Every structure is written in structure tokens, then in C-alpha cells.
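Participant: See start39.cif below, with mmCIF, C-alpha atoms.
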data_run
loop_
_atom_site.label_atom_id
_atom_site.label_comp_id
_atom_site.auth_asym_id
_atom_site.auth_seq_id
_atom_site.Cartn_x
_atom_site.Cartn_y
_atom_site.Cartn_z
CA MET A 1 -28.75 -3.55 -2.51
CA ILE A 2 -25.01 -3.61 -1.84
CA ASN A 3 -23.59 -7.09 -2.18
CA ILE A 4 -21.05 -8.49 0.26
CA VAL A 5 -18.27 -10.83 -0.89
CA LEU A 6 -15.98 -12.51 1.60
CA VAL A 7 -12.57 -13.56 0.30
CA SER A 8 -10.70 -15.81 2.68
CA HIS A 9 -8.20 -18.55 3.36
CA GLY A 10 -10.30 -21.70 3.15
CA GLU A 11 -13.88 -21.59 4.34
CA LEU A 12 -13.50 -18.80 6.88
CA GLY A 13 -15.74 -16.57 4.78
CA ALA A 14 -18.48 -19.18 4.53
CA ALA A 15 -18.24 -19.82 8.27
CA LEU A 16 -18.56 -16.09 9.03
CA ILE A 17 -21.66 -15.95 6.86
CA GLN A 18 -23.09 -18.94 8.70
CA ALA A 19 -22.30 -17.35 12.06
CA ALA A 20 -23.87 -14.05 11.00
CA GLU A 21 -27.03 -15.90 9.94
CA MET A 22 -27.27 -17.42 13.43
CA ILE A 23 -27.50 -13.88 14.76
CA ALA A 24 -29.19 -11.84 12.06
CA GLY A 25 -31.01 -14.45 10.02
CA HIS A 26 -30.63 -15.24 6.36
CA SER A 27 -29.46 -12.53 3.98
CA ASP A 28 -29.35 -12.43 0.22
CA GLY A 29 -26.47 -10.98 -1.70
CA VAL A 30 -23.73 -12.39 0.51
CA TYR A 31 -21.07 -14.55 -1.10
CA SER A 32 -17.91 -16.38 -0.13
CA VAL A 33 -14.99 -17.02 -2.48
CA PRO A 34 -12.53 -19.31 -0.67
CA LEU A 35 -8.86 -19.68 -1.54
CA LEU A 36 -8.32 -23.43 -1.37
CA PRO A 37 -5.09 -25.09 -0.23
CA GLY A 38 -2.71 -25.46 -3.18
CA GLU A 39 -4.69 -23.08 -5.39
CA SER A 40 -2.49 -20.74 -7.42
CA PRO A 41 -3.07 -16.96 -7.26
CA GLU A 42 -3.90 -17.00 -10.97
CA ALA A 43 -6.55 -19.69 -10.54
CA TYR A 44 -7.97 -17.85 -7.54
CA GLY A 45 -8.03 -14.59 -9.48
CA GLU A 46 -10.04 -16.22 -12.24
CA LYS A 47 -12.41 -17.73 -9.71
CA LEU A 48 -12.95 -14.34 -8.09
CA SER A 49 -13.60 -12.64 -11.45
CA VAL A 50 -16.10 -15.31 -12.40
CA ALA A 51 -17.84 -14.93 -9.03
CA LEU A 52 -18.02 -11.12 -9.18
CA GLU A 53 -19.00 -10.79 -12.82
CA PRO A 54 -22.72 -11.66 -12.57
CA ILE A 55 -23.30 -9.78 -9.32
CA GLU A 56 -25.70 -6.92 -9.88
CA GLY A 57 -26.91 -4.24 -7.53
CA ASP A 58 -25.62 -1.05 -5.96
CA GLY A 59 -22.05 -2.17 -5.68
CA ILE A 60 -19.89 -4.75 -4.00
CA LEU A 61 -18.16 -4.60 -0.65
CA ILE A 62 -15.33 -7.14 -0.50
CA LEU A 63 -14.34 -8.22 2.99
CA ILE A 64 -10.83 -9.69 3.02
CA ASP A 65 -9.74 -11.97 5.86
CA LEU A 66 -6.04 -11.10 6.08
CA PHE A 67 -4.27 -7.88 5.16
CA GLY A 68 -1.32 -9.14 3.11
CA GLY A 69 -2.59 -12.62 2.31
CA THR A 70 -3.20 -14.07 -1.14
CA PRO A 71 -6.94 -13.22 -1.17
CA TYR A 72 -5.88 -9.62 -0.41
CA ASN A 73 -3.23 -9.61 -3.15
CA VAL A 74 -5.76 -10.91 -5.66
CA ALA A 75 -8.75 -8.82 -4.59
CA ALA A 76 -6.79 -5.56 -4.31
CA ARG A 77 -7.11 -4.89 -8.02
CA GLU A 78 -10.90 -4.94 -7.64
CA ALA A 79 -10.63 -1.96 -5.29
CA LEU A 80 -9.76 0.21 -8.30
CA LYS A 81 -13.07 -0.56 -9.93
CA GLU A 82 -16.05 1.69 -9.64
CA ARG A 83 -18.68 0.52 -7.20
CA VAL A 84 -16.28 -1.86 -5.45
CA GLU A 85 -14.76 -1.28 -2.02
CA CYS A 86 -12.41 -3.58 -0.11
CA VAL A 87 -11.89 -3.81 3.64
CA THR A 88 -9.36 -6.12 5.30
CA GLY A 89 -9.49 -7.91 8.65
CA ALA A 90 -12.94 -9.40 8.11
CA ASN A 91 -14.58 -10.44 11.36
CA LEU A 92 -18.03 -11.22 12.62
CA PRO A 93 -18.88 -7.77 14.07
CA MET A 94 -17.80 -6.20 10.78
CA LEU A 95 -20.00 -8.53 8.76
CA LEU A 96 -22.97 -7.95 11.08
CA GLU A 97 -22.53 -4.18 10.83
CA VAL A 98 -22.59 -4.19 7.03
CA LEU A 99 -25.53 -6.61 6.87
CA MET A 100 -27.52 -4.34 9.19
CA SER A 101 -26.72 -1.03 7.54
CA ARG A 102 -26.16 -1.78 3.85
CA ASP A 103 -29.72 -0.84 2.83
CA GLU A 104 -29.45 2.78 3.96
CA THR A 105 -25.71 3.43 3.57
CA PRO A 106 -23.82 4.36 0.39
CA LEU A 107 -20.98 2.00 -0.52
CA SER A 108 -18.06 4.19 0.52
CA ASP A 109 -19.68 4.96 3.88
CA LEU A 110 -20.40 1.28 4.35
CA ALA A 111 -16.71 0.46 3.86
CA ALA A 112 -15.83 3.08 6.47
CA ALA A 113 -18.44 1.69 8.87
CA ALA A 114 -17.10 -1.84 8.33
CA THR A 115 -13.60 -0.69 9.21
CA VAL A 116 -14.76 1.00 12.42
CA ALA A 117 -16.95 -1.94 13.47
CA GLY A 118 -14.13 -4.40 12.89
CA GLN A 119 -11.64 -2.36 14.88
CA GLU A 120 -13.92 -1.44 17.76
CA SER A 121 -14.88 -5.03 18.42
CA VAL A 122 -11.34 -5.98 19.37
CA ARG A 123 -10.97 -5.57 23.11
CA ASN A 124 -8.60 -6.80 25.77
CA LEU A 125 -11.13 -7.81 28.35
CA GLY A 126 -8.60 -8.28 31.12
CA GLU A 127 -7.55 -4.65 30.81
CA MET A 128 -11.15 -3.44 30.74
CA LEU A 129 -11.97 -5.38 33.87
CA ALA A 130 -8.75 -4.54 35.70
CA GLY A 131 -9.25 -3.61 39.31
CA ARG A 132 -12.51 -5.51 39.74
CA GLY A 133 -13.21 -8.56 41.83
CA MET B 1 28.85 -9.35 1.30
CA PRO B 2 29.19 -11.86 -1.50
CA ARG B 3 32.35 -13.91 -1.32
CA ARG B 4 34.38 -13.76 -4.46
CA GLY B 5 36.22 -16.81 -5.62
CA ALA B 6 35.09 -18.83 -2.65
CA GLY B 7 37.04 -22.02 -2.09
CA CYS B 8 40.13 -20.82 -3.95
CA ILE B 9 43.61 -21.04 -2.54
CA GLU B 10 45.02 -17.59 -2.16
CA GLY B 11 47.52 -16.74 -4.83
CA SER B 12 46.43 -19.55 -7.10
CA GLY B 13 45.01 -17.08 -9.55
CA CYS B 14 41.46 -18.32 -9.44
CA LEU B 15 40.39 -15.28 -7.46
CA LYS B 16 40.25 -13.45 -10.73
CA LYS B 17 37.29 -15.54 -11.75
CA GLU B 18 34.13 -13.55 -11.20
CA VAL B 19 32.42 -16.31 -9.33
CA VAL B 20 29.98 -14.90 -6.85
CA ASP B 21 29.09 -17.48 -4.31
CA ILE B 22 26.14 -16.38 -2.27
CA ASP B 23 25.44 -18.61 0.63
CA GLU B 24 24.99 -15.73 3.00
CA LEU B 25 21.60 -14.94 1.54
CA GLY B 26 18.90 -15.03 4.20
CA LEU B 27 16.46 -16.94 2.08
CA VAL B 28 15.86 -17.64 -1.59
CA ARG B 29 12.30 -18.82 -1.95
CA ILE B 30 10.06 -19.91 -4.79
CA ASP B 31 6.51 -18.93 -3.99
CA ASP B 32 4.01 -18.01 -6.67
CA ARG B 33 1.97 -16.13 -4.09
CA LEU B 34 5.00 -13.89 -3.42
CA ILE B 35 4.26 -11.96 -0.23
CA HIS B 36 1.24 -13.49 1.47
CA GLY B 37 -0.06 -14.86 4.76
CA GLN B 38 2.78 -17.32 5.39
CA VAL B 39 5.46 -14.78 4.56
CA ILE B 40 4.08 -11.88 6.58
CA THR B 41 3.02 -13.86 9.63
CA VAL B 42 5.55 -16.66 9.95
CA TRP B 43 8.71 -16.14 7.94
CA SER B 44 9.11 -12.50 8.87
CA ARG B 45 9.15 -13.46 12.55
CA HIS B 46 11.37 -16.48 12.10
CA LYS B 47 14.27 -14.55 10.65
CA LYS B 48 15.19 -10.95 11.10
CA PHE B 49 14.53 -9.89 7.55
CA THR B 50 14.75 -6.21 6.76
CA ARG B 51 14.19 -6.50 3.05
CA ILE B 52 12.07 -8.59 0.74
CA LEU B 53 13.29 -8.47 -2.83
CA ILE B 54 10.92 -9.82 -5.45
CA LEU B 55 12.73 -10.92 -8.58
CA ASP B 56 9.95 -10.86 -11.13
CA ASP B 57 9.76 -9.01 -14.41
CA ASP B 58 5.97 -8.56 -14.18
CA VAL B 59 5.85 -7.18 -10.64
CA ALA B 60 8.87 -4.96 -11.33
CA ALA B 61 6.84 -3.40 -14.14
CA ASP B 62 3.61 -3.14 -12.12
CA PRO B 63 3.77 -0.29 -9.57
CA PHE B 64 0.21 -0.98 -8.39
CA MET B 65 0.95 -4.61 -7.52
CA LEU B 66 4.16 -3.60 -5.78
CA GLU B 67 2.25 -1.04 -3.74
CA VAL B 68 -0.37 -3.66 -2.77
CA LEU B 69 2.37 -6.06 -1.68
CA GLY B 70 4.33 -3.37 0.15
CA LEU B 71 1.32 -1.96 2.02
CA ALA B 72 0.89 -5.15 4.00
CA ALA B 73 4.54 -5.82 4.74
CA PRO B 74 5.36 -6.02 8.44
CA PRO B 75 6.91 -2.87 9.94
CA GLY B 76 10.65 -2.70 9.40
CA ILE B 77 10.61 -4.70 6.20
CA LYS B 78 11.27 -2.91 2.95
CA VAL B 79 9.64 -4.46 -0.10
CA GLU B 80 11.24 -4.04 -3.50
CA ALA B 81 10.77 -5.63 -6.90
CA LEU B 82 13.31 -5.80 -9.67
CA SER B 83 13.47 -7.65 -12.95
CA ILE B 84 15.48 -10.85 -12.66
CA VAL B 85 18.45 -9.33 -14.48
CA ASP B 86 18.49 -6.13 -12.41
CA GLY B 87 17.82 -8.01 -9.18
CA VAL B 88 20.76 -10.34 -9.65
CA LYS B 89 23.01 -7.32 -10.37
CA ASP B 90 21.76 -5.67 -7.19
CA LEU B 91 22.32 -8.77 -5.07
CA VAL B 92 25.81 -9.58 -6.29
CA SER B 93 26.88 -5.93 -5.98
CA GLY B 94 27.19 -6.32 -2.23
CA ARG B 95 25.40 -3.01 -1.65
CA ASN B 96 22.91 -4.56 0.74
CA ASP B 97 23.12 -6.97 3.63
CA LEU B 98 22.25 -10.30 2.10
CA GLY B 99 21.76 -12.10 5.41
CA THR B 100 18.64 -10.08 6.14
CA THR B 101 17.24 -10.23 2.60
CA MET B 102 14.49 -12.58 1.52
CA VAL B 103 14.51 -13.16 -2.21
CA LEU B 104 11.17 -14.20 -3.68
CA LEU B 105 10.77 -15.83 -7.07
CA LYS B 106 7.54 -16.94 -8.70
CA SER B 107 8.64 -20.16 -10.38
CA PRO B 108 11.42 -22.68 -10.89
CA LEU B 109 12.07 -21.01 -14.25
CA ALA B 110 12.70 -17.68 -12.52
CA ALA B 111 14.96 -19.44 -10.01
CA ARG B 112 17.01 -20.90 -12.84
CA GLN B 113 17.15 -17.60 -14.71
CA ALA B 114 18.47 -15.89 -11.57
CA TYR B 115 20.99 -18.66 -10.99
CA ASP B 116 22.24 -18.59 -14.56
CA ALA B 117 22.43 -14.79 -14.45
CA GLY B 118 24.96 -15.09 -11.64
CA LEU B 119 23.06 -15.47 -8.39
CA LYS B 120 24.82 -18.62 -7.22
CA TYR B 121 22.72 -19.38 -4.18
CA SER B 122 23.58 -22.59 -2.37
CA ALA B 123 20.15 -23.24 -0.89
CA LEU B 124 16.68 -22.83 -2.31
CA ASN B 125 13.40 -22.97 -0.43
CA VAL B 126 10.37 -24.06 -2.43
CA GLY B 127 7.48 -22.66 -0.44
CA GLY B 128 4.50 -22.77 -2.74
CA ILE B 129 3.65 -23.45 -6.36
CA GLY B 130 -0.07 -23.61 -6.97
CA SER B 131 -1.73 -26.34 -8.95
CA LYS B 132 -2.93 -25.75 -12.49
CA PRO B 133 -3.34 -27.94 -15.56
CA GLY B 134 -0.03 -29.57 -16.51
CA ARG B 135 1.32 -29.54 -12.97
CA LYS B 136 1.29 -32.47 -10.59
CA ASN B 137 1.38 -32.23 -6.84
CA ILE B 138 4.67 -33.37 -5.31
CA PHE B 139 4.41 -32.09 -1.74
CA LYS B 140 1.76 -30.20 0.22
CA ASN B 141 0.94 -27.01 -1.68
CA ILE B 142 3.70 -27.54 -4.24
CA SER B 143 2.82 -28.66 -7.75
CA VAL B 144 5.22 -28.75 -10.68
CA SER B 145 5.20 -29.48 -14.39
CA SER B 146 7.68 -31.85 -16.02
CA ASP B 147 9.64 -28.83 -17.29
CA GLU B 148 9.80 -27.46 -13.77
CA ILE B 149 11.01 -30.82 -12.42
CA ALA B 150 13.79 -30.72 -15.02
CA ILE B 151 14.74 -27.20 -13.90
CA LEU B 152 14.85 -28.19 -10.23
CA LYS B 153 17.00 -31.21 -11.13
CA TYR B 154 19.32 -28.89 -13.05
CA LEU B 155 19.72 -26.71 -9.95
CA LEU B 156 20.29 -29.84 -7.87
CA ASP B 157 23.08 -30.81 -10.28
CA GLN B 158 24.67 -27.40 -9.70
CA GLY B 159 24.89 -28.27 -6.02
CA VAL B 160 21.92 -26.27 -4.80
CA LYS B 161 20.21 -27.76 -1.76
CA ILE B 162 16.49 -27.61 -2.48
CA THR B 163 14.12 -27.86 0.44
CA LEU B 164 10.37 -28.08 0.08
CA LEU B 165 9.01 -26.21 3.09
CA THR B 166 5.98 -23.97 3.46
CA VAL B 167 6.77 -22.44 6.85
CA PRO B 168 9.40 -23.11 9.54
CA GLY B 169 8.33 -25.85 11.91
CA GLU B 170 6.25 -27.66 9.33
CA LYS B 171 7.34 -30.94 7.80
CA SER B 172 9.91 -30.41 5.05
CA ARG B 173 11.19 -32.53 2.22
CA ASP B 174 14.58 -32.56 0.54
CA PHE B 175 14.00 -32.37 -3.20
CA ALA B 176 17.03 -34.63 -3.74
CA ASP B 177 15.09 -37.47 -2.09
CA LEU B 178 12.13 -36.97 -4.38
CA ALA B 179 14.05 -36.30 -7.58
CA ALA B 180 14.85 -39.92 -8.44
CA LYS B 181 11.18 -40.81 -8.49
CA LEU B 182 10.13 -37.85 -10.59
#
Take the structure in this file and express it as C-alpha cells.
Facilitator:
Amino acid sequence: MINIVLVSHGELGAALIQAAEMIAGHSDGVYSVPLLPGESPEAYGEKLSVALEPIEGDGILILIDLFGGTPYNVAAREALKERVECVTGANLPMLLEVLMSRDETPLSDLAAAATVAGQESVRNLGEMLAGRG
Amino acid sequence: MPRRGAGCIEGSGCLKKEVVDIDELGLVRIDDRLIHGQVITVWSRHKKFTRILILDDDVAADPFMLEVLGLAAPPGIKVEALSIVDGVKDLVSGRNDLGTTMVLLKSPLAARQAYDAGLKYSALNVGGIGSKPGRKNIFKNISVSSDEIAILKYLLDQGVKITLLTVPGEKSRDFADLAAKL
């Protein structure tokens, strides 16, 4: 099984996991590593290493909340490792997509699918509905 | 452009002194997270920065980290990293527009090293120094060791205005007001 690790500012990652469970039920192999207010990048880096180290399975997909934020800066180095992929802009549709398809999808394809799902879920509803009513 | 011999009376001879007084710098900021959420989302909109210059010996020697930081920079902002010594040379050379440059330093020590190397900034923003053993929290997400307090007091004594501020619009604190109690 591919493991999913959310890295986020505060408890956003944990909240996304909770929200995903409301929809898709409980899943194993999903983790959140929050950057806490006042935490230094070094301390966060150590925390992330400690969290990733014991994770076994067919690889790790790291979902990063903000492209350019501290969790991104710290997690980016993990992207160089074998069997680790990182995708930024974590959102609920992205998390649901990877939870649903991780059993039958290789890691690199799963990262690509996460990127597409995250992007395609962002819609300007007003524009889509323009001309109605 | 850096002003040379600022405050001198013309013809008094003091213009010969290689004092480089840089108060035109857009922002000199201590932030151990360097470029991160607050910088890319808030600061970059607040001021028209076109360049972020990281003065850090480690990042200057780490092309991968520089690439990671640069990838996420907002459009129109060039990200560079130089060692403290080279960065100060670059900044005082007057080659680049200082008003649109954000200078990022990781620690009070780096800020002092840059100052002593000739980057005589008049204002310093302390935006974030994470907690770790040996540091105590003095304001919001800013924690400092006793050595770092001494360094900030040194800069204060040089006439640098030190403001503790994470992002514009948030509550700020003048380090001078805190210094007596530290």
C-alpha cells in the first residue's frame, strides 16, 4: 500500500484527513505532520524525518498544503528519495482521489492523478452558471 | 543607490570615508524559514519587490535548496542566494535597485555579520526565529538565545531600528522597548 503523508501549516492536514474519513470512511496509512506555530524549520525537518522513517509499504506520497511554505521547503528534499513523491496544493478532492486509487496505481501515476484531481476541483461557479436564471 | 558619506557636509573631507549607509533597502529581514508562506503570500504583495536576496552561506552553497526556494517565488521576483560576504559586496556595489530588494537572513548572528561586513542598514525586521532548546520566546513566533539578545542589542546600539513583525498589518513590537527587560 502507498502511504499518504500530509504536511501542513498547523492542523490542516489532520482536518483534511478527518474530512476525507467523513466521505470515504477510515483509511490506514494516512498521516499528518503539522508545522506548529513558532516551530523552527530544523525542528520540523527532524519531526518529519522521524515520522517518515518507520513508514513501510510501496512508497510515500507527500501532500503539501502550500507551494512555497515551510512544510514545502522542508519536505522538498524528500522528493529526491526513491519511492517518495511530493505534490503541493493539498485539498480534499486530491486526498480523496489518492485514497480511492492508491491500491491499483503506481506511485508516480498516483502523484500525477493527485495533481489533476486537485486542479480540476477548483471551479468558479459563477462563471459556470453564467447566463442561467 | 547606496549613499556614500551620508550626513557629511560637502567639502568637509568626510566623503572620502567609505561609509555606505543603506536606508533605501526595501527590507532587511531575519527569518529562519527564509522564503515561506508569509513571504510569498503577504510581503511580496505589500511591497513591490523584484528581488529576494538570501544572505546565507549554507543556501548559497546548496543549489538544490535554492532551486526549491526559487520555484515557489511569486512571478516577477528573482530569488538569489549569496554568502554573507559576497552578498554585502553585491548590495553596497549599487548594481541593483535596493528599494525593491528584500534581504533575508537566517539569524541575528547573520544580521550582525552582514552589518559588520559593511551593510549598514538602518532598519531591521525580525520576522521569525523558531524555538529550540536555549531560546526563549520574546514575541509571537520569535524566540532568541541570550547570545542573540546580545547581538540584537549591539545592533540597537549602532542605531538600527529593530521591529518585531511577522507580516504587515499584524501587531508589531519595537525591540528597543523589550531590550531593557531582556
Participant: List the neighbours of Arg51 (chain B) out to 8 Å using only C-alpha atoms; skip same-chain residues closer than 5 positions along the sequence, and give me the result as a tab-separated table (two decimals) with C-alpha atoms, in the coordinates of the input.
Facilitator:
chain	number	residue	atom	x	y	z
B	77	ILE	CA	10.61	-4.70	6.20
B	78	LYS	CA	11.27	-2.91	2.95
B	79	VAL	CA	9.64	-4.46	-0.10
B	80	GLU	CA	11.24	-4.04	-3.50
B	100	THR	CA	18.64	-10.08	6.14
B	101	THR	CA	17.24	-10.23	2.60
B	102	MET	CA	14.49	-12.58	1.52
Participant: Here is a test: counting all atoms listed in the file, which residue of A:Ala76, A:Ala15, A:Leu35, A:Leu6 is nearest to chain B?
Facilitator: A:Ala76
Participant: Counting only C-alpha atoms, what are the residues of chain B within 10 Å of chain A, and for each of them which pair of atoms is the nearest and at what distance in Å, to one decimal? Sort the table by chain and rising number, as JSON lines.
Facilitator:
{"residue": "B:Asp31", "atom": "CA", "partner": "A:Ser40", "partner_atom": "CA", "distance": 9.8}
{"residue": "B:Asp32", "atom": "CA", "partner": "A:Ser40", "partner_atom": "CA", "distance": 7.1}
{"residue": "B:Arg33", "atom": "CA", "partner": "A:Pro41", "partner_atom": "CA", "distance": 6.0}
{"residue": "B:Leu34", "atom": "CA", "partner": "A:Thr70", "partner_atom": "CA", "distance": 8.5}
{"residue": "B:Ile35", "atom": "CA", "partner": "A:Gly68", "partner_atom": "CA", "distance": 7.1}
{"residue": "B:His36", "atom": "CA", "partner": "A:Gly69", "partner_atom": "CA", "distance": 4.0}
{"residue": "B:Gly37", "atom": "CA", "partner": "A:Gly69", "partner_atom": "CA", "distance": 4.2}
{"residue": "B:Gln38", "atom": "CA", "partner": "A:Gly69", "partner_atom": "CA", "distance": 7.8}
{"residue": "B:Val39", "atom": "CA", "partner": "A:Gly69", "partner_atom": "CA", "distance": 8.6}
{"residue": "B:Ile40", "atom": "CA", "partner": "A:Gly68", "partner_atom": "CA", "distance": 7.0}
{"residue": "B:Thr41", "atom": "CA", "partner": "A:Gly68", "partner_atom": "CA", "distance": 9.1}
{"residue": "B:Phe64", "atom": "CA", "partner": "A:Arg77", "partner_atom": "CA", "distance": 8.3}
{"residue": "B:Met65", "atom": "CA", "partner": "A:Asn73", "partner_atom": "CA", "distance": 7.8}
{"residue": "B:Leu66", "atom": "CA", "partner": "A:Asn73", "partner_atom": "CA", "distance": 9.9}
{"residue": "B:Val68", "atom": "CA", "partner": "A:Asn73", "partner_atom": "CA", "distance": 6.6}
{"residue": "B:Leu69", "atom": "CA", "partner": "A:Gly68", "partner_atom": "CA", "distance": 6.8}
{"residue": "B:Gly70", "atom": "CA", "partner": "A:Gly68", "partner_atom": "CA", "distance": 8.6}
{"residue": "B:Leu71", "atom": "CA", "partner": "A:Gly68", "partner_atom": "CA", "distance": 7.7}
{"residue": "B:Ala72", "atom": "CA", "partner": "A:Gly68", "partner_atom": "CA", "distance": 4.6}
{"residue": "B:Ala73", "atom": "CA", "partner": "A:Gly68", "partner_atom": "CA", "distance": 6.9}
{"residue": "B:Pro74", "atom": "CA", "partner": "A:Gly68", "partner_atom": "CA", "distance": 9.1}
{"residue": "B:Gly128", "atom": "CA", "partner": "A:Gly38", "partner_atom": "CA", "distance": 7.7}
{"residue": "B:Ile129", "atom": "CA", "partner": "A:Ser40", "partner_atom": "CA", "distance": 6.8}
{"residue": "B:Gly130", "atom": "CA", "partner": "A:Ser40", "partner_atom": "CA", "distance": 3.8}
{"residue": "B:Ser131", "atom": "CA", "partner": "A:Glu39", "partner_atom": "CA", "distance": 5.7}
{"residue": "B:Lys132", "atom": "CA", "partner": "A:Ser40", "partner_atom": "CA", "distance": 7.1}
{"residue": "B:Asn137", "atom": "CA", "partner": "A:Gly38", "partner_atom": "CA", "distance": 8.7}
{"residue": "B:Phe139", "atom": "CA", "partner": "A:Gly38", "partner_atom": "CA", "distance": 9.8}
{"residue": "B:Lys140", "atom": "CA", "partner": "A:Gly38", "partner_atom": "CA", "distance": 7.3}
{"residue": "B:Asn141", "atom": "CA", "partner": "A:Gly38", "partner_atom": "CA", "distance": 4.2}
{"residue": "B:Ile142", "atom": "CA", "partner": "A:Gly38", "partner_atom": "CA", "distance": 6.8}
{"residue": "B:Ser143", "atom": "CA", "partner": "A:Gly38", "partner_atom": "CA", "distance": 7.9}
Participant: Ranking A:Ala20, A:Val30, A:Ile2, A:Ile64 by minimum distance to Ala51 (chain A) and counting only C-alpha atoms, which one comes first?
Facilitator: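 Residue with the minimum atom-to-atom distance to Ala51 (chain A): A:Val30.
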Participant: For the PyMOL selection byres ((chain A and resi 82) around 12), applied here, can you spell out every residue it catches as a VMD selection string?
Facilitator: chain A and resid 58 to 61 77 to 81 83 to 86 107 to 108
Participant: Could you check which of A:Asn3, A:Ser49, A:Ser101, A:Ser27 is closest to Leu63 (chain A), using all atoms listed in the file?
Facilitator: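 The closest residue to Leu63 (chain A) is A:Asn3.
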Participant: Hey, which of B:Gly118, B:Leu182, B:Val85, B:Leu27 ends up closest to Thr163 (chain B)? Count all atoms listed in the file.
Facilitator: B:Leu27
Participant: Evaluate the PyMOL selection byres ((chain B and resi 123) around 9) and record the selected residues as a ChimeraX atom specification, following the chain and residue labels used in the document.
Facilitator: /B:23,25,27-28,121-122,124-125,159-163
Participant: Hey, can you check how far CA of Ser8 (chain A) sits from CA of Val98 (chain A)?
Facilitator: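 Separation of CA of Ser8 (chain A) and CA of Val98 (chain A): 17.2 Å.
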Participant: Nearest to Val122 (chain A) among A:Gly89, A:Gly10, A:Pro34, A:Pro54, with distances taken over all atoms listed in the file: which residue is it?
Facilitator: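 When distances to Val122 (chain A) are compared using all atoms listed in the file, the smallest one comes from A:Gly89.
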Participant: Residues near Ala117 (chain A), anyone? I mean within 7 Å using only C-alpha atoms, not counting same-chain ones fewer than 3 positions away, as a VMD selection string.
Facilitator: chain A and resid 93 to 94 97 113 to 114 120 to 121
Participant: So, counting only C-alpha atoms, which residue among A:Lys47, A:Ile55, A:Leu92, A:Asp109 is closest to Gln18 (chain A)?
Facilitator: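 Distance minimum relative to Gln18 (chain A) lands on A:Leu92.
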Participant: What is the distance between CA of Ile62 (chain A) and CA of Ala75 (chain A), in Å to one decimal?
Facilitator: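 Straight-line distance from CA of Ile62 (chain A) to CA of Ala75 (chain A) works out to 7.9 Å.
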Participant: Using all atoms listed in the file, which residues sit within 6 Å of Val103 (chain B) once same-chain residues fewer than 3 positions away are excluded, as number ranges by chain?
Facilitator: B: 28, 52-54
Participant: Go ahead and dump the residues you just picked, C-alpha atoms, as a PDB file, in the frame of the given file.
Facilitator:
ATOM      1  CA  VAL B  28      15.860 -17.640  -1.590  1.00  0.00           C
ATOM      2  CA  ILE B  52      12.070  -8.590   0.740  1.00  0.00           C
ATOM      3  CA  LEU B  53      13.290  -8.470  -2.830  1.00  0.00           C
ATOM      4  CA  ILE B  54      10.920  -9.820  -5.450  1.00  0.00           C
TER       5      ILE B  54
END
Participant: Evaluate the PyMOL selection byres ((chain B and resi 170-178) around 9) here and jot the selected residues down as a PDB file with C-alpha atoms, in the frame of the given file.
Facilitator:
ATOM      1  CA  ILE B 138       4.670 -33.370  -5.310  1.00  0.00           C
ATOM      2  CA  PHE B 139       4.410 -32.090  -1.740  1.00  0.00           C
ATOM      3  CA  LEU B 152      14.850 -28.190 -10.230  1.00  0.00           C
ATOM      4  CA  LYS B 153      17.000 -31.210 -11.130  1.00  0.00           C
ATOM      5  CA  LEU B 156      20.290 -29.840  -7.870  1.00  0.00           C
ATOM      6  CA  LYS B 161      20.210 -27.760  -1.760  1.00  0.00           C
ATOM      7  CA  ILE B 162      16.490 -27.610  -2.480  1.00  0.00           C
ATOM      8  CA  THR B 163      14.120 -27.860   0.440  1.00  0.00           C
ATOM      9  CA  LEU B 164      10.370 -28.080   0.080  1.00  0.00           C
ATOM     10  CA  LEU B 165       9.010 -26.210   3.090  1.00  0.00           C
ATOM     11  CA  THR B 166       5.980 -23.970   3.460  1.00  0.00           C
ATOM     12  CA  VAL B 167       6.770 -22.440   6.850  1.00  0.00           C
ATOM     13  CA  PRO B 168       9.400 -23.110   9.540  1.00  0.00           C
ATOM     14  CA  GLY B 169       8.330 -25.850  11.910  1.00  0.00           C
ATOM     15  CA  ALA B 179      14.050 -36.300  -7.580  1.00  0.00           C
ATOM     16  CA  ALA B 180      14.850 -39.920  -8.440  1.00  0.00           C
ATOM     17  CA  LYS B 181      11.180 -40.810  -8.490  1.00  0.00           C
ATOM     18  CA  LEU B 182      10.130 -37.850 -10.590  1.00  0.00           C
TER      19      LEU B 182
END
Participant: Extract region 9-37 of chain A from the coordinates I pasted, and write it as an mmCIF file, in the first residue's frame (atoms kept: C-alpha atoms).
Facilitator:
data_model
loop_
_atom_site.group_PDB
_atom_site.id
_atom_site.type_symbol
_atom_site.label_atom_id
_atom_site.label_comp_id
_atom_site.auth_asym_id
_atom_site.auth_seq_id
_atom_site.Cartn_x
_atom_site.Cartn_y
_atom_site.Cartn_z
ATOM 1 C CA HIS A 9 0.619 24.689 8.454
ATOM 2 C CA GLY A 10 -0.994 23.726 11.747
ATOM 3 C CA GLU A 11 -3.635 21.018 11.769
ATOM 4 C CA LEU A 12 -4.888 21.494 8.215
ATOM 5 C CA GLY A 13 -3.554 18.058 7.279
ATOM 6 C CA ALA A 14 -5.295 16.356 10.191
ATOM 7 C CA ALA A 15 -8.519 18.190 9.377
ATOM 8 C CA LEU A 16 -8.339 17.088 5.724
ATOM 9 C CA ILE A 17 -7.893 13.501 6.864
ATOM 10 C CA GLN A 18 -10.894 13.853 9.153
ATOM 11 C CA ALA A 19 -12.965 15.363 6.347
ATOM 12 C CA ALA A 20 -11.928 12.598 3.948
ATOM 13 C CA GLU A 21 -12.975 9.986 6.514
ATOM 14 C CA MET A 22 -16.440 11.569 6.671
ATOM 15 C CA ILE A 23 -16.748 10.817 2.972
ATOM 16 C CA ALA A 24 -14.716 7.691 2.350
ATOM 17 C CA GLY A 25 -14.502 6.102 5.770
ATOM 18 C CA HIS A 26 -11.434 5.266 7.781
ATOM 19 C CA SER A 27 -8.167 4.563 5.981
ATOM 20 C CA ASP A 28 -4.903 3.185 7.249
ATOM 21 C CA GLY A 29 -1.562 4.529 6.176
ATOM 22 C CA VAL A 30 -2.539 8.195 6.241
ATOM 23 C CA TYR A 31 -0.508 10.541 8.398
ATOM 24 C CA SER A 32 -0.351 14.227 9.234
ATOM 25 C CA VAL A 33 2.824 16.060 10.237
ATOM 26 C CA PRO A 34 1.832 19.590 11.298
ATOM 27 C CA LEU A 35 4.169 22.571 11.389
ATOM 28 C CA LEU A 36 3.306 24.236 14.685
ATOM 29 C CA PRO A 37 3.395 27.989 15.295
#
